[in-house]
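Here is the structure we will look at, set down as structure tokens.
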Amino acid sequence: MQAGGLGADQIQQIQLGGKMSDLRISDRGRVDHARPVRFTFDGKTFAGLEGDTVASALLANGQHLMGRGFKYHRPRGVVTAGSEEPNALIGTTRGPGQFEPNTHATMQEIYDGLSTESQNKWPSLKFDIGAINDRLYMLFSAGFYYKTFMWPKSFWDKVYEPFIRRAAGLGRSLTYLDPDHYASRYLHCDVLIVGAGPSGLAAALTAARSGPSVVVVDEQAEMGEALLSEPSVEIDRDQVWGWLASTLAEPASLPNVRLMNRSTAIGYYHQNMVGLCQKLTDHLSDVPADAPRERLWRVRAGQVILAQGAIDRPMVFDGNDRPGVMMAGAAQTFLNRFGVKVGVRPVILTSNDSAWYTAFDLADAGCKVAAIVDTRTDIPPALMQAAMSRQIEALTGYTATATSGRLRVKSIRVNPVRGGRVGAARTIACDAVLMCGGWTPSLHLFSHTKGSLEWDAKAKAYLPGHKTEAVHIAGAGRGLWGIAAVLADGAQAGADALRDLGRKAGAATYAVTNDRTGTGITQKELPTDRSPSSAKAFVDFQNDVTAKDIRLAVREGMRSIEHVKRYTTNGMATDQGKLSNMNGLTIASDALGKDIPQVGLTTFRPPYTPTTFGALAGYHKGSHFEVTRKTPIDSWAVENGAAFEPVALWRRASYFSKAGEDMHAAVNRECRATRQSLGIFDASTLGKIEVSGPDAVEFMNRMYTNPWAKLAPGKCRYGLLLGEDGFIRDDGVIGRMRDDLFHVTTTGGAARVLNMMEDYLQTEWPDLQVWLTSTTEEWATIAINGPNAHKLLAPLVEGQNMSDAAFPHMSVAECTVASFPSRLFRISFTGELGFEVNVPARHGRALWEKLMEVGKAYDVCPYGTETMHILRAEKGYIIIGQDTDGTVTPEDAGIGWAIGKAKPDFVGKRSLAWPDIVAKGRKQLVGLSTENPKDALVEGAQIVLDPKQPKPMKMIGHVTSSYWSEALGRSIAMAVVQGGFDRMGDTLHIPTADGGSQAAKVTGSVFDDPAGDRLKVE
Amino acid sequence: MLLIHGPYCDDTLPELEFAYAGAAHIARPADPMSLSDEEWRDFLYVRSNPRGLHAERWRYIHGCGRFFNASRDTVGDKFSVTYKAGKPRPDLEKAVQMSK
């Protein structure tokens, strides 16, 4: 816990007392030293500066420890300064109920009042019981899920599964509704540039100057990326931050350019659509009322330029995960951008030139750099010179073999490697180890497009190969290094994008001084003089995968990198292996004895960084989740106490209870009223399609099973629609209004039926002159049923003789009802004398109220879908999709009479002749009458012949509909049963959930008034 | 999200406005009752699952409502061409081969 000679707690006290810690360098960096900010971490108040992230502010307070590892619960500190961070994942609380787990401490900006907490620890971050796992590491090796928890089998439910579930995942998830709201937008532009580092900005300047619409996005609060960490560079004789300010001012002033910070390109989808998640308020202490928290952008770009830079690779060695061990590039960012020294006595561990500059910057800032340890022997003389001039010891041709320190690194053990042999160890005291094992071009988004990545032996990296989209990759993403090189490359990418848009542009040129170019090597885990089998050399920090795990996976037979990945879970954490993939691949290829390009790569998938569900859901939540379709009579139902139920997207009145009635009582009353006198029902949701044209009757003959040629205008008929496979798809009453006009009604699946009709009409029978029109919403439909239905309606009708002879059952007419223009059907879905009145939707409620008023004389009773279901079931009328399930033929359903057998063809006819369709023993729709009339069966319950047979029982069917029939004073049910028609009178058994069983007799499916006498006008 | 060119409206629009409608160029037999069970099975159920160009049907469900045909690459997902229903299948394989 040494930091500048003081414990972290002491530093914090000094900080809170008002003195600046010596870890924060006054007036350095891009933070505002005049604006202190207070926030909490694990309940303690910390001070930072405006412009700090949680990570930089904690580091300024000497706090490296920010979390615990996933499997072994080892103490973990911050490793990076960006969104690739695997360790410093924290919970953030922004306000009441506004909590988010797994926030990158390296990305979360601090503000007054922000509350943060560490994760995956108990009881505290400093002392975590779960760290016992670190001693049990043998249990958690590669594939431990498949090994440790295998036996004994009886342990699975009680021991293993609860353990795994408790251990799985970092952070805690919300258990309440997210109170924030989220926005979404579409955007079209000519050029989208992802990443506002030097290459992205150079591309933006080149593109913007020639006039196309340009969008530049960057995930950071401030644009500039690498330029923010390299203040010594000069561009065009201007100090880099001065150049950056004027560079950003130019496009910001242009109307054709949009600069978007705090915006992460999360996914690259087909045809240059890029998803952006823009964080709008997570950095604000005072959030404007009603401001959305995040906005999801769907950007369609003519050309995309990916300028996402590169991510530095950790070194893989024993103890490389100790707090204080971090990326050299991150240390440089914390120093130069935030004015924070990550330690006062750092050791640099590298195989690349870039980390040497980190050492120089730290030394120049007053740190005592204990050593630069480089695995290479061949170091550019200028670097050796620069180290020497700063009195930094350079150990070249060295390896690192261990670190020490519990909650913060105290020392590093290094050994010379000579002729392949690891020599005697030396221990160097330090408070930080800053490593760089190479640079990985950030090509995740390019990988989303299925663009190929090709191994470049010189850059020792996968670089973009074949492209599938209009995309250009610029800068470090192409393996280039140094500000001058990436500026030039970015400008060229901008010019290339313009050329592909058919515009002309010259790439701007830039003069760069004090550029820090360099090279380096990449390698597998570092050589050691100790047993590699006891080394905890981490490859994937977030999923706790070690080099040993990867070698074990190969030994146990994993050959494909995809298998190694899944067996070890390397690269499968939320960071998708931004730090670990290349190290894992390098080690796996060594273990396999193959070259890296022969082993291949795993695939990156969206999102680039974890994205909130809120952003993805956008406006689609609560009542905006999907449309609620309401009928024209819905408002009346609301005013009159209806209980509603969703039926597909429709909201339908389910029953209307009077004071003191429960649902059962209300429904029984509605059933009685309808059967005894008069019921009224809003049937407006009935699907309606108009089939018109000279060939309408031919079309109907081909689509539906029934014959239509002889149906006279003014008559209607039950129509049955099959799929080409012979199974029932839809049904409904179809009225012939004129020779060339059919009013087709469907189930709730009207859109599906219309689609099917259009398909046949457009693509199979384009010669037929037929027009199809969806008219579901055109009409309000009111069903009137009961012995007094005719008495109510007849006086209101004009333009149609309502006598039984002139308007018998199954008639349809155009007339007026209560002076409203109407299509009047005499049909019944209840078995009672019934009518369905269709009036233009706008008159629906007025007609309903008129009928209610006139109907008082007959005690008219409004009823809902529950009563409708019962009344139809008493008559054995089926509901497609409830009593049928997509494997039921007309014969199975007992409605074979609806088939026009003389017709040469109709959709599905050929399949009805199939051997399996005409075979005996198919499931057939029958009625079930329980032995105990009070027993109600459960819909969906399975049916068996013998309830005493051993389990698993042989199931011969299931209950499709089951109700209490008030009319019959007993329960009724329908079921599909194997060979059901041949089982009339048999007793079947329906096992119940409590282990018992109900007995029921097979009957016909028409329970009430089988002769249909009640349909007649008396 | 794919962009799809509707051959009837002659406009290129997002995939969300369209609906997939199965393999293309499978005509319903003129007289299904004359087919053997095997022939009817093949018409009804047997489909190819090519890696590469696939002739398929789409419907501009939120626009003109027309069904049309398309050739689409099942590997990269993108459309190579769309054309009106009833038009012959373009010889894309040949065109691709010749361009190589």
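Letters A, B, ... mark the chains of the structure tokens in the order given; residue numbers begin at 1 per chain; ligand numbers begin at 1, in order shown.
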
Could you list, with a cut-off of 6 Å and counting only C-alpha atoms, the residues of chain B near chain A, each shown with its nearest atom pair and the distance in Å rounded to one decimal, rows sorted by chain and ascending number, as a tab-separated table?
```
residue	atom	partner	partner_atom	distance
B:Met1	CA	A:His270	CA	5.0
B:Leu2	CA	A:His270	CA	5.3
B:Pro32	CA	A:Arg910	CA	5.9
B:Met33	CA	A:Arg910	CA	5.5
```

May I have a table of the residues of range 49-98 of chain B lying at most 12 Å from range 4-13 of chain B, giving each one's closest pair of atoms and their distance in Å to one decimal, counting only C-alpha atoms, ordered by chain and ascending residue number, as a tab-separated table?
```
residue	atom	partner	partner_atom	distance
B:Arg57	CA	B:Gly6	CA	11.5
B:Trp58	CA	B:Gly6	CA	9.2
B:Arg59	CA	B:Gly6	CA	8.7
B:Tyr60	CA	B:Gly6	CA	7.0
B:Ile61	CA	B:Gly6	CA	10.7
B:His62	CA	B:Leu13	CA	10.5
B:Gly63	CA	B:Cys9	CA	8.5
B:Cys64	CA	B:Cys9	CA	7.2
B:Gly65	CA	B:Tyr8	CA	9.6
B:Arg66	CA	B:Tyr8	CA	7.4
B:Phe67	CA	B:Tyr8	CA	9.2
B:Phe68	CA	B:Pro7	CA	7.3
B:Asn69	CA	B:Pro7	CA	8.8
B:Ala70	CA	B:His5	CA	9.4
B:Ser71	CA	B:Ile4	CA	11.1
B:Arg72	CA	B:Ile4	CA	10.4
B:Asp77	CA	B:Ile4	CA	11.4
B:Lys78	CA	B:Ile4	CA	8.9
B:Phe79	CA	B:Ile4	CA	7.2
B:Ser80	CA	B:Ile4	CA	9.8
B:Val81	CA	B:His5	CA	8.0
B:Thr82	CA	B:Pro7	CA	6.3
B:Tyr83	CA	B:Pro7	CA	5.5
B:Lys84	CA	B:Pro7	CA	5.9
B:Ala85	CA	B:Pro7	CA	9.3
B:Lys87	CA	B:Pro7	CA	11.1
```

Export of the given selection (N, CA and C atoms) as a PDB file, in the first residue's frame:
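Produced file selection19.pdb, reproduced below:
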```
ATOM      1  N   ARG B  57     -38.761 -15.007 -52.467  1.00  0.00           N
ATOM      2  CA  ARG B  57     -39.847 -14.058 -52.637  1.00  0.00           C
ATOM      3  C   ARG B  57     -39.896 -13.116 -51.444  1.00  0.00           C
ATOM      4  N   TRP B  58     -40.233 -11.876 -51.722  1.00  0.00           N
ATOM      5  CA  TRP B  58     -40.446 -10.890 -50.668  1.00  0.00           C
ATOM      6  C   TRP B  58     -41.739 -10.158 -50.987  1.00  0.00           C
ATOM      7  N   ARG B  59     -42.310  -9.532 -49.970  1.00  0.00           N
ATOM      8  CA  ARG B  59     -43.491  -8.722 -50.206  1.00  0.00           C
ATOM      9  C   ARG B  59     -43.262  -7.347 -49.585  1.00  0.00           C
ATOM     10  N   TYR B  60     -43.601  -6.332 -50.341  1.00  0.00           N
ATOM     11  CA  TYR B  60     -43.475  -4.968 -49.828  1.00  0.00           C
ATOM     12  C   TYR B  60     -44.710  -4.697 -48.964  1.00  0.00           C
ATOM     13  N   ILE B  61     -44.656  -5.251 -47.767  1.00  0.00           N
ATOM     14  CA  ILE B  61     -45.854  -5.356 -46.944  1.00  0.00           C
ATOM     15  C   ILE B  61     -46.345  -4.010 -46.423  1.00  0.00           C
ATOM     16  N   HIS B  62     -45.415  -3.068 -46.199  1.00  0.00           N
ATOM     17  CA  HIS B  62     -45.831  -1.751 -45.699  1.00  0.00           C
ATOM     18  C   HIS B  62     -45.833  -0.708 -46.813  1.00  0.00           C
ATOM     19  N   GLY B  63     -45.859  -1.162 -48.057  1.00  0.00           N
ATOM     20  CA  GLY B  63     -45.898  -0.229 -49.176  1.00  0.00           C
ATOM     21  C   GLY B  63     -46.958  -0.666 -50.155  1.00  0.00           C
ATOM     22  N   CYS B  64     -46.536  -1.007 -51.370  1.00  0.00           N
ATOM     23  CA  CYS B  64     -47.507  -1.313 -52.420  1.00  0.00           C
ATOM     24  C   CYS B  64     -48.168  -2.673 -52.233  1.00  0.00           C
ATOM     25  N   GLY B  65     -47.602  -3.501 -51.354  1.00  0.00           N
ATOM     26  CA  GLY B  65     -48.227  -4.788 -51.096  1.00  0.00           C
ATOM     27  C   GLY B  65     -47.905  -5.857 -52.122  1.00  0.00           C
ATOM     28  N   ARG B  66     -47.034  -5.546 -53.084  1.00  0.00           N
ATOM     29  CA  ARG B  66     -46.764  -6.522 -54.141  1.00  0.00           C
ATOM     30  C   ARG B  66     -45.728  -7.559 -53.713  1.00  0.00           C
ATOM     31  N   PHE B  67     -45.958  -8.791 -54.142  1.00  0.00           N
ATOM     32  CA  PHE B  67     -44.948  -9.840 -54.009  1.00  0.00           C
ATOM     33  C   PHE B  67     -43.964  -9.685 -55.166  1.00  0.00           C
ATOM     34  N   PHE B  68     -42.688  -9.892 -54.893  1.00  0.00           N
ATOM     35  CA  PHE B  68     -41.707  -9.868 -55.979  1.00  0.00           C
ATOM     36  C   PHE B  68     -40.621 -10.892 -55.680  1.00  0.00           C
ATOM     37  N   ASN B  69     -39.776 -11.106 -56.674  1.00  0.00           N
ATOM     38  CA  ASN B  69     -38.713 -12.089 -56.533  1.00  0.00           C
ATOM     39  C   ASN B  69     -37.374 -11.401 -56.343  1.00  0.00           C
ATOM     40  N   ALA B  70     -36.457 -12.150 -55.762  1.00  0.00           N
ATOM     41  CA  ALA B  70     -35.141 -11.584 -55.496  1.00  0.00           C
ATOM     42  C   ALA B  70     -34.100 -12.675 -55.558  1.00  0.00           C
ATOM     43  N   SER B  71     -32.880 -12.268 -55.828  1.00  0.00           N
ATOM     44  CA  SER B  71     -31.750 -13.161 -55.674  1.00  0.00           C
ATOM     45  C   SER B  71     -30.885 -12.577 -54.570  1.00  0.00           C
ATOM     46  N   ARG B  72     -30.618 -13.389 -53.569  1.00  0.00           N
ATOM     47  CA  ARG B  72     -29.926 -12.885 -52.383  1.00  0.00           C
ATOM     48  C   ARG B  72     -28.836 -13.872 -51.996  1.00  0.00           C
ATOM     49  N   ASP B  77     -25.760 -12.048 -47.035  1.00  0.00           N
ATOM     50  CA  ASP B  77     -27.144 -11.609 -46.832  1.00  0.00           C
ATOM     51  C   ASP B  77     -27.664 -10.628 -47.877  1.00  0.00           C
ATOM     52  N   LYS B  78     -26.781  -9.994 -48.639  1.00  0.00           N
ATOM     53  CA  LYS B  78     -27.241  -8.883 -49.470  1.00  0.00           C
ATOM     54  C   LYS B  78     -27.972  -9.354 -50.730  1.00  0.00           C
ATOM     55  N   PHE B  79     -28.826  -8.470 -51.231  1.00  0.00           N
ATOM     56  CA  PHE B  79     -29.568  -8.735 -52.462  1.00  0.00           C
ATOM     57  C   PHE B  79     -28.672  -8.449 -53.661  1.00  0.00           C
ATOM     58  N   SER B  80     -28.711  -9.321 -54.651  1.00  0.00           N
ATOM     59  CA  SER B  80     -28.021  -8.965 -55.885  1.00  0.00           C
ATOM     60  C   SER B  80     -28.987  -8.339 -56.872  1.00  0.00           C
ATOM     61  N   VAL B  81     -30.239  -8.812 -56.875  1.00  0.00           N
ATOM     62  CA  VAL B  81     -31.207  -8.200 -57.780  1.00  0.00           C
ATOM     63  C   VAL B  81     -32.613  -8.535 -57.288  1.00  0.00           C
ATOM     64  N   THR B  82     -33.558  -7.641 -57.551  1.00  0.00           N
ATOM     65  CA  THR B  82     -34.964  -7.952 -57.321  1.00  0.00           C
ATOM     66  C   THR B  82     -35.694  -7.774 -58.645  1.00  0.00           C
ATOM     67  N   TYR B  83     -36.753  -8.541 -58.859  1.00  0.00           N
ATOM     68  CA  TYR B  83     -37.469  -8.451 -60.131  1.00  0.00           C
ATOM     69  C   TYR B  83     -38.926  -8.833 -59.907  1.00  0.00           C
ATOM     70  N   LYS B  84     -39.757  -8.413 -60.861  1.00  0.00           N
ATOM     71  CA  LYS B  84     -41.192  -8.586 -60.690  1.00  0.00           C
ATOM     72  C   LYS B  84     -41.593 -10.060 -60.741  1.00  0.00           C
ATOM     73  N   ALA B  85     -42.650 -10.389 -60.010  1.00  0.00           N
ATOM     74  CA  ALA B  85     -43.174 -11.752 -60.036  1.00  0.00           C
ATOM     75  C   ALA B  85     -43.552 -12.107 -61.468  1.00  0.00           C
ATOM     76  N   LYS B  87     -41.505 -12.782 -63.863  1.00  0.00           N
ATOM     77  CA  LYS B  87     -40.341 -12.618 -64.762  1.00  0.00           C
ATOM     78  C   LYS B  87     -39.402 -13.809 -64.548  1.00  0.00           C
TER      79      LYS B  87
END
```

(message) Taking 6 positions as the minimum chain separation for residues in the same chain, which residues sit within 9 Å of range 122-138 of chain A when counting only C-alpha atoms? Answer as a PyMOL selection string.
(response) chain A and resi 42+65-69+71-75+144+407

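Taking CA of Pro890 in chain A and CA of Leu720 in chain A as the two end points, the separation is 8.3 Å.
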
(message) So that I can check the surroundings of range 640-656 of chain A, please list as a list of chain:residue names every protein, DNA and RNA residue that reaches within 6 Å of it, counting only C-alpha atoms and ignoring chain neighbours fewer than 2 positions away.
(response)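 So the residues in contact are A:Thr628, A:Arg629, A:Lys630, A:Ala637, A:Val638, A:Tyr863, A:Gly864, A:Thr865, A:Glu866.
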
Write to file, as a PDB file, in the first residue's frame, the residues of the selection just made, with all heavy atoms.
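The result, written out as part.pdb:
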```pdb
ATOM      1  N   THR A 628     -52.360  -0.432 -29.066  1.00  0.00           N
ATOM      2  CA  THR A 628     -53.578  -1.031 -28.531  1.00  0.00           C
ATOM      3  C   THR A 628     -54.698  -0.688 -29.504  1.00  0.00           C
ATOM      4  O   THR A 628     -55.027   0.478 -29.698  1.00  0.00           O
ATOM      5  CB  THR A 628     -53.904  -0.472 -27.134  1.00  0.00           C
ATOM      6  OG1 THR A 628     -52.793  -0.727 -26.290  1.00  0.00           O
ATOM      7  CG2 THR A 628     -55.150  -1.139 -26.568  1.00  0.00           C
ATOM      8  N   ARG A 629     -55.244  -1.711 -30.134  1.00  0.00           N
ATOM      9  CA  ARG A 629     -56.348  -1.466 -31.075  1.00  0.00           C
ATOM     10  C   ARG A 629     -57.649  -1.425 -30.277  1.00  0.00           C
ATOM     11  O   ARG A 629     -57.940  -2.335 -29.512  1.00  0.00           O
ATOM     12  CB  ARG A 629     -56.416  -2.581 -32.123  1.00  0.00           C
ATOM     13  CG  ARG A 629     -55.173  -2.667 -32.995  1.00  0.00           C
ATOM     14  CD  ARG A 629     -55.245  -3.856 -33.926  1.00  0.00           C
ATOM     15  NE  ARG A 629     -56.043  -3.579 -35.121  1.00  0.00           N
ATOM     16  CZ  ARG A 629     -56.295  -4.507 -36.057  1.00  0.00           C
ATOM     17  NH1 ARG A 629     -55.845  -5.729 -35.921  1.00  0.00           N
ATOM     18  NH2 ARG A 629     -57.001  -4.188 -37.127  1.00  0.00           N
ATOM     19  N   LYS A 630     -58.389  -0.359 -30.470  1.00  0.00           N
ATOM     20  CA  LYS A 630     -59.656  -0.199 -29.752  1.00  0.00           C
ATOM     21  C   LYS A 630     -60.790  -0.132 -30.755  1.00  0.00           C
ATOM     22  O   LYS A 630     -60.644   0.464 -31.824  1.00  0.00           O
ATOM     23  CB  LYS A 630     -59.629   1.085 -28.923  1.00  0.00           C
ATOM     24  CG  LYS A 630     -58.577   1.062 -27.816  1.00  0.00           C
ATOM     25  CD  LYS A 630     -58.521   2.400 -27.099  1.00  0.00           C
ATOM     26  CE  LYS A 630     -57.338   2.441 -26.147  1.00  0.00           C
ATOM     27  NZ  LYS A 630     -57.107   3.805 -25.653  1.00  0.00           N
ATOM     28  N   ALA A 637     -67.561   0.838 -23.367  1.00  0.00           N
ATOM     29  CA  ALA A 637     -67.212  -0.264 -22.456  1.00  0.00           C
ATOM     30  C   ALA A 637     -66.438   0.272 -21.257  1.00  0.00           C
ATOM     31  O   ALA A 637     -66.662  -0.145 -20.122  1.00  0.00           O
ATOM     32  CB  ALA A 637     -66.407  -1.328 -23.194  1.00  0.00           C
ATOM     33  N   VAL A 638     -65.528   1.237 -21.508  1.00  0.00           N
ATOM     34  CA  VAL A 638     -64.756   1.835 -20.415  1.00  0.00           C
ATOM     35  C   VAL A 638     -65.715   2.511 -19.433  1.00  0.00           C
ATOM     36  O   VAL A 638     -65.617   2.316 -18.215  1.00  0.00           O
ATOM     37  CB  VAL A 638     -63.734   2.860 -20.966  1.00  0.00           C
ATOM     38  CG1 VAL A 638     -63.094   3.640 -19.817  1.00  0.00           C
ATOM     39  CG2 VAL A 638     -62.668   2.169 -21.800  1.00  0.00           C
ATOM     40  N   TYR A 863     -72.674  -8.151 -23.273  1.00  0.00           N
ATOM     41  CA  TYR A 863     -71.795  -9.228 -22.795  1.00  0.00           C
ATOM     42  C   TYR A 863     -70.434  -9.142 -23.477  1.00  0.00           C
ATOM     43  O   TYR A 863     -70.266  -8.462 -24.487  1.00  0.00           O
ATOM     44  CB  TYR A 863     -72.450 -10.604 -22.963  1.00  0.00           C
ATOM     45  CG  TYR A 863     -72.714 -11.092 -24.379  1.00  0.00           C
ATOM     46  CD1 TYR A 863     -71.745 -11.838 -25.056  1.00  0.00           C
ATOM     47  CD2 TYR A 863     -73.936 -10.861 -25.011  1.00  0.00           C
ATOM     48  CE1 TYR A 863     -71.997 -12.320 -26.342  1.00  0.00           C
ATOM     49  CE2 TYR A 863     -74.194 -11.334 -26.284  1.00  0.00           C
ATOM     50  CZ  TYR A 863     -73.208 -12.066 -26.963  1.00  0.00           C
ATOM     51  OH  TYR A 863     -73.445 -12.541 -28.211  1.00  0.00           O
ATOM     52  N   GLY A 864     -69.452  -9.821 -22.868  1.00  0.00           N
ATOM     53  CA  GLY A 864     -68.068  -9.732 -23.349  1.00  0.00           C
ATOM     54  C   GLY A 864     -67.577 -11.049 -23.915  1.00  0.00           C
ATOM     55  O   GLY A 864     -68.354 -11.988 -24.157  1.00  0.00           O
ATOM     56  N   THR A 865     -66.301 -11.135 -24.115  1.00  0.00           N
ATOM     57  CA  THR A 865     -65.713 -12.288 -24.805  1.00  0.00           C
ATOM     58  C   THR A 865     -65.889 -13.584 -24.017  1.00  0.00           C
ATOM     59  O   THR A 865     -65.980 -14.652 -24.606  1.00  0.00           O
ATOM     60  CB  THR A 865     -64.219 -12.052 -25.062  1.00  0.00           C
ATOM     61  OG1 THR A 865     -63.609 -11.622 -23.838  1.00  0.00           O
ATOM     62  CG2 THR A 865     -64.015 -10.973 -26.110  1.00  0.00           C
ATOM     63  N   GLU A 866     -65.911 -13.496 -22.667  1.00  0.00           N
ATOM     64  CA  GLU A 866     -66.081 -14.713 -21.868  1.00  0.00           C
ATOM     65  C   GLU A 866     -67.405 -15.387 -22.190  1.00  0.00           C
ATOM     66  O   GLU A 866     -67.476 -16.587 -22.471  1.00  0.00           O
ATOM     67  CB  GLU A 866     -66.037 -14.374 -20.370  1.00  0.00           C
ATOM     68  CG  GLU A 866     -64.655 -14.258 -19.784  1.00  0.00           C
ATOM     69  CD  GLU A 866     -63.837 -15.526 -19.951  1.00  0.00           C
ATOM     70  OE1 GLU A 866     -64.386 -16.629 -19.758  1.00  0.00           O
ATOM     71  OE2 GLU A 866     -62.642 -15.413 -20.290  1.00  0.00           O
TER      72      GLU A 866
END
```

(request) Record the distance separating CA of Arg826 in chain A and CA of Lys791 in chain A, expressed in Å with one decimal. (result)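 Atom-to-atom, CA of Arg826 in chain A and CA of Lys791 in chain A are spaced 13.3 Å apart.
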
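With only C-alpha atoms taken into account, the protein and nucleic acid residues at most 10 Å from range 985-993 of chain A (excluding it and anything under 6 positions from it in its own chain) are A:Leu928, A:Ser929, A:Thr930, A:Glu931, A:Leu937, A:Val938, A:Ala941, A:Gln942, A:Ile943, A:Val944, A:Leu945, A:Asp946, A:Pro947, A:Lys948, A:Met953, A:Met955, A:Ile956, A:Gly957, A:His958, A:Val959, A:Val977, A:Ala999, A:Ala1000, A:Lys1001, A:Val1002, A:Thr1003, A:Gly1004.
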
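CA of Gly584 in chain A to CA of Ala547 in chain A spans 7.3 Å [interatomic distance, one decimal].
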
(request) For Leu616 in chain A, work out the shell of residues within 9 Å, counting only C-alpha atoms and skipping chain neighbours fewer than 2 positions away, then give it as a PyMOL selection string. (result) chain A and resi 182+184+277+295-296+611-614+618+620

(request) Output as a ChimeraX atom specification all residues of chain B that backbone DSSP marks as helix (DSSP H, G or I). (result) /B:15-17,32-34,37-44,92-99

(request) Go through chain B and collect every residue that DSSP, computed from the backbone, puts in strand (DSSP E); the answer should be as number ranges by chain. (result) B: 3-6, 11-14, 19-23, 53-59, 67-73, 79-84
